[in-house]
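Participant: Here it is, the structure in full.
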Amino acid sequence: MSAVVNTHVHVPPNFSAFSTPADVVACAQAQQVRVLGVSNFYDQQVYSLIRDLTQGGDILALYGLEFITLVPDLADQGIRVNDPSNPGRMYLTGKGIDPFRAPSPQAKAVAIATRQGNDQRADQMVSQLARHLCDQGFDTGLRADSIAETVARRAEVPLAWVSLQERHIAQAFQQALASLDPVRRAEVLAAAYGRPSMVDINNPAALQAEIRSRLLKVGTPGFVPEVPLSFDEARRYVLDMGGIPCYPVLADGASPVCEFEQSPQQLAAELIRRGIHAVELIPGRNSAVVAQSYVESLHEAGMIVMAGTEHNTLDRAPLDPTFADGPLSASTRGVFLEGTAVVVAHVNRVVAGQAGFVDPTGDRTNVAVADLVAEGLSVINPTMPIAPTMA
């Protein structure tokens, strides 16, 4: 049986399907996950706890992060990248970072600015939404600091590790609304939305999603614009932390497919031109036929390809990635395993002061990918036959 590898999971205090970091690790152990790639927004202090929970065990933790960036030339052309609602916005991840190394002054400044910008935005959103609901006759009494305290308590982490996301805010307001009887709750929601709710208001996950879409997104009462990093800043941060910049492919997770991703061959060429040599999919949002076409084309272009599950909703789906309409094919699973193995080898090599998959400028090194695959697989599963397909 192939090793279960997952390179993209959000862990508390990021919004997550899991209750605590220990819950994440326990579930990974129960599901025989060999490689667990944590990939949080805004603050990575929880990674020290993930390290402690996995040290000496069967789970190999990989550390990553996720940014929302802006690519001005694409924004100016109105080109949607991997955020269907915002042309020019690009989600960018980093794989195999060393969160425990001393950051450079530039990396430290980026981390502080990212955290502070998000905290200020969350504070404004909570204030605006609380005021809007108060205008409809329902005083929630919610503040950003009180929501953050609840998140920290629930995740069993220090308050300083919490940087609120939209999903946290939507959850807090949904839970406040739950104190009302169903008739009054429906009345408040109809007044807040300007039309009746279209979901089962007794279903927490459904109502949280609706609150987020109707009260926190563009053009709604709680919306506050994000201040994304530039693509170059985010890419530089990943490299400064010893990692590999990586592009999350949305593909048919959006309908229609975003213009930047219309052709997997053109996508590969454009990413390589911009200094990105790694991609990942969240296969659960893709059909098998579409996802496999992207995997094959990107792999053939010499990019490493990985897969994760995010787990950034309340859905506790399996940690072993699958397509939206069925299991991964053996060939696709093999490509994902190879990509993960490259990151494992990269981490080990960088720690040892050797050349990994990319150099500190983000260029590909002259180390053969097949050698990195073999090295990584020997760590992931020493008994696994090594027959890498990448040159």
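The way I read the labels, and the way they are meant: chains A, B, ... in the order of the structure tokens, residue 1 as the first residue of every chain, and ligand 1 as the first ligand shown, with later ones counted on from there.
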Near Ala26 (chain A), within 12 Å and counting only C-alpha atoms, which residues show up once chain neighbours fewer than 3 positions away are dropped, as a ChimeraX atom specification?
Facilitator: /A:18-23,29-33,36,50,53-54,57-59,319
Participant: Export C-alpha atoms of the chosen residues as a compact mmCIF listing (two decimals), in the first residue's frame?
Facilitator:
```txt
# COMPACT_ATOMS: atom_id res chain seq x y z
CA PHE A 18 -9.86 19.83 13.70
CA SER A 19 -10.36 21.12 17.23
CA THR A 20 -6.74 21.26 18.39
CA PRO A 21 -3.25 20.59 17.01
CA ALA A 22 -3.24 17.33 18.97
CA ASP A 23 -6.50 16.38 17.25
CA GLN A 29 -1.95 8.70 13.12
CA ALA A 30 -5.29 6.90 13.01
CA GLN A 31 -5.43 7.28 9.22
CA GLN A 32 -1.82 6.13 8.74
CA VAL A 33 -0.64 9.42 7.28
CA LEU A 36 1.62 15.72 7.09
CA ILE A 50 3.24 20.25 15.78
CA LEU A 53 3.57 16.21 18.81
CA THR A 54 5.19 14.42 15.87
CA GLY A 57 6.67 9.21 15.90
CA ASP A 58 5.57 7.74 12.59
CA ILE A 59 4.42 11.08 11.13
CA LEU A 319 -6.72 13.06 5.13
```
Participant: If we count only C-alpha atoms and set the cut-off at 9 Å, which residues sit around Arg115 (chain A), ignoring sequence neighbours fewer than 5 positions away in its own chain? Please answer as a list in words.
Facilitator: Phe41, Tyr42, Asp43, Val110, Gln120 and Ser163 of chain A
Participant: Of the residues A:Phe336, A:Phe67, A:Phe138, A:Phe231, which is the one nearest to Ala176 (chain A), using only C-alpha atoms?
Facilitator: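 Checking each candidate against Ala176 (chain A), we get A:Phe138 as the closest.
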Participant: Write out as a PDB file with N, CA and C atoms, in the first residue's frame which residues come within 10 Å of Ala178 (chain A) when counting only C-alpha atoms, dropping same-chain ones fewer than 4 positions away.
Facilitator:
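Result file selection.pdb:
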```
ATOM      1  N   ALA A 172     -18.385  32.761  14.752  1.00  0.00           N
ATOM      2  CA  ALA A 172     -18.746  33.456  15.994  1.00  0.00           C
ATOM      3  C   ALA A 172     -20.133  34.081  15.891  1.00  0.00           C
ATOM      4  N   PHE A 173     -20.443  34.687  14.756  1.00  0.00           N
ATOM      5  CA  PHE A 173     -21.762  35.306  14.605  1.00  0.00           C
ATOM      6  C   PHE A 173     -22.859  34.255  14.464  1.00  0.00           C
ATOM      7  N   GLN A 174     -22.554  33.139  13.808  1.00  0.00           N
ATOM      8  CA  GLN A 174     -23.531  32.051  13.739  1.00  0.00           C
ATOM      9  C   GLN A 174     -23.848  31.516  15.132  1.00  0.00           C
ATOM     10  N   PRO A 182     -35.624  30.030  16.697  1.00  0.00           N
ATOM     11  CA  PRO A 182     -35.551  29.956  15.235  1.00  0.00           C
ATOM     12  C   PRO A 182     -36.327  31.042  14.505  1.00  0.00           C
ATOM     13  N   ARG A 185     -34.380  34.265  14.911  1.00  0.00           N
ATOM     14  CA  ARG A 185     -33.133  34.130  14.157  1.00  0.00           C
ATOM     15  C   ARG A 185     -33.380  34.374  12.676  1.00  0.00           C
ATOM     16  N   ILE A 201     -31.195  27.202   8.726  1.00  0.00           N
ATOM     17  CA  ILE A 201     -30.549  28.043   9.737  1.00  0.00           C
ATOM     18  C   ILE A 201     -30.191  27.262  10.998  1.00  0.00           C
ATOM     19  N   ASN A 202     -30.617  26.008  11.077  1.00  0.00           N
ATOM     20  CA  ASN A 202     -30.231  25.146  12.201  1.00  0.00           C
ATOM     21  C   ASN A 202     -28.992  24.319  11.887  1.00  0.00           C
ATOM     22  N   PRO A 204     -25.223  24.561  11.428  1.00  0.00           N
ATOM     23  CA  PRO A 204     -24.155  25.527  11.690  1.00  0.00           C
ATOM     24  C   PRO A 204     -23.228  25.763  10.503  1.00  0.00           C
TER      25      PRO A 204
END
```
Participant: Return the single residue from A:Asp200, A:Asp135, A:Arg80, A:Gln208 that is closest to Ser255 (chain A), with distances computed using only C-alpha atoms.
Facilitator: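 Ranked by minimum distance to Ser255 (chain A), first place goes to A:Arg80.
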Participant: My list of candidates is A:Arg143, A:Arg154, A:Arg236, A:Arg34. Which is closest to Leu60 (chain A) when distances are computed with only C-alpha atoms?
Facilitator: A:Arg34
Participant: Listing only residues of region 95-118 of chain A within 12 Å of region 344-358 of chain A, what is the closest atom pair and its distance in Å (to one decimal) for each, using only C-alpha atoms, sorted by chain and residue number ascending, as CSV?
Facilitator:
```
residue,atom,partner,partner_atom,distance
A:Lys95,CA,A:Val347,CA,9.1
A:Gly96,CA,A:Val347,CA,5.7
A:Ile97,CA,A:Val347,CA,7.4
A:Asp98,CA,A:Val347,CA,7.8
A:Pro99,CA,A:Val347,CA,11.5
A:Phe100,CA,A:Val351,CA,11.2
A:Arg101,CA,A:Val351,CA,9.9
```
Participant: Only N, CA and C atoms, please: the residues just picked out, written as a CSV table (one decimal), in the first residue's frame.
Facilitator:
```
chain,number,residue,atom,x,y,z
A,95,LYS,N,6.4,25.4,0.5
A,95,LYS,CA,6.6,24.1,0.9
A,95,LYS,C,8.0,23.9,1.5
A,96,GLY,N,8.1,23.1,2.6
A,96,GLY,CA,9.4,22.8,3.1
A,96,GLY,C,10.1,23.9,3.7
A,97,ILE,N,9.4,24.9,4.3
A,97,ILE,CA,10.1,26.0,5.0
A,97,ILE,C,10.6,25.5,6.3
A,98,ASP,N,11.6,26.3,6.9
A,98,ASP,CA,12.1,26.0,8.2
A,98,ASP,C,11.6,27.1,9.1
A,99,PRO,N,10.5,26.8,9.8
A,99,PRO,CA,9.9,27.9,10.6
A,99,PRO,C,10.7,28.2,11.9
A,100,PHE,N,11.7,27.4,12.1
A,100,PHE,CA,12.5,27.6,13.4
A,100,PHE,C,13.8,28.3,13.2
A,101,ARG,N,14.1,28.6,11.9
A,101,ARG,CA,15.3,29.4,11.6
A,101,ARG,C,15.1,30.8,11.9
```
Participant: Would you list, as number ranges by chain, the residues of region 170-365 of chain A that end up in strand (DSSP E) under DSSP run on this structure's backbone?
Facilitator: A: 229-230, 244-249, 278-281, 304-307
Participant: Which of region 30-238 of chain A end up as alpha helix (DSSP H) when DSSP is run on this backbone - answer as an MDAnalysis selection string?
Facilitator: chainID A and resid 30 47:54 72:76 105:135 144:155 166:177 182:193 204:215 231:238
Participant: Please list as a list in words every residue within 12 Å of Arg364 (chain A), counting only C-alpha atoms and excluding residues in the same chain fewer than 2 positions away.
Facilitator: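 So, after excluding close chain neighbours, the residues are Ile244, Pro245, Ile272, Arg273, Gly275, Ile276, His277, Ala278, Gly302, Met303, Ile304, His346, Ala355, Gly356, Phe357, Val358, Asp359, Pro360, Thr361, Gly362, Asn366, Val367, Ala368 and Val369 of chain A.
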Participant: Just to confirm, what's the straight-line distance from CA of Ala206 (chain A) to CA of Gly194 (chain A) in Å (one decimal)?
Facilitator: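 Distance between the two atoms: 18.3 Å.
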Participant: For Val224 (chain A), list every protein, DNA or RNA residue within 12 Å, evaluated using only C-alpha atoms, and leave out those in the same chain fewer than 3 positions away; present the list as a PyMOL selection string.
Facilitator: chain A and resi 117-129+166+215-221+227
Participant: Can you tell me, as a PyMOL selection string, what residues are no more than 12 Å from Met198 (chain A) when counting only C-alpha atoms, ignoring any on the same chain fewer than 2 positions away?
Facilitator: chain A and resi 186+189-190+193-196+200-203+206-207+209-211+213-214
Participant: Name the residues in contact with His299 (chain A) at a cut-off of 10 Å, using only C-alpha atoms, excluding same-chain residues fewer than 6 positions from it; report them as JSON, numbers by chain.
Facilitator: {"A": [268, 278, 279, 293, 305, 332, 335, 336, 339, 389, 390]}
Participant: With C-alpha atoms kept, could you save the residues just selected as a PDB file, in the first residue's frame?
Facilitator:
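So the final result, stored in selection06.pdb, reads:
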```pdb
ATOM      1  CA  ALA A 268       3.302  25.568 -16.543  1.00  0.00           C
ATOM      2  CA  ALA A 278       6.141  23.470  -7.812  1.00  0.00           C
ATOM      3  CA  VAL A 279       2.351  23.177  -7.836  1.00  0.00           C
ATOM      4  CA  SER A 293      -4.896  16.335 -17.320  1.00  0.00           C
ATOM      5  CA  VAL A 305       3.166  18.233  -8.193  1.00  0.00           C
ATOM      6  CA  THR A 332      -1.607  10.399 -10.112  1.00  0.00           C
ATOM      7  CA  VAL A 335       3.189  11.796  -9.044  1.00  0.00           C
ATOM      8  CA  PHE A 336       1.949  13.315  -5.780  1.00  0.00           C
ATOM      9  CA  GLY A 339       6.531  15.648  -5.461  1.00  0.00           C
ATOM     10  CA  THR A 389       9.583   8.640 -13.185  1.00  0.00           C
ATOM     11  CA  MET A 390      11.068  12.136 -13.193  1.00  0.00           C
TER      12      MET A 390
END
```
Participant: One decimal, in Å: what's the spacing between CA of Arg153 (chain A) and CA of Ala113 (chain A)?
Facilitator: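 It comes out at 25.1 Å.
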Participant: Report, in Å to a single decimal, how far apart CA of Val4 (chain A) and CA of Leu337 (chain A) are.
Facilitator: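 Calculated distance between CA of Leu337 (chain A) and CA of Val4 (chain A) is 8.3 Å.
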Participant: So, counting only C-alpha atoms, which residue among A:Val238, A:Leu314, A:Leu372, A:Ala17 is closest to Glu66 (chain A)?
Facilitator: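 So, comparing all the options, the nearest one is A:Val238.
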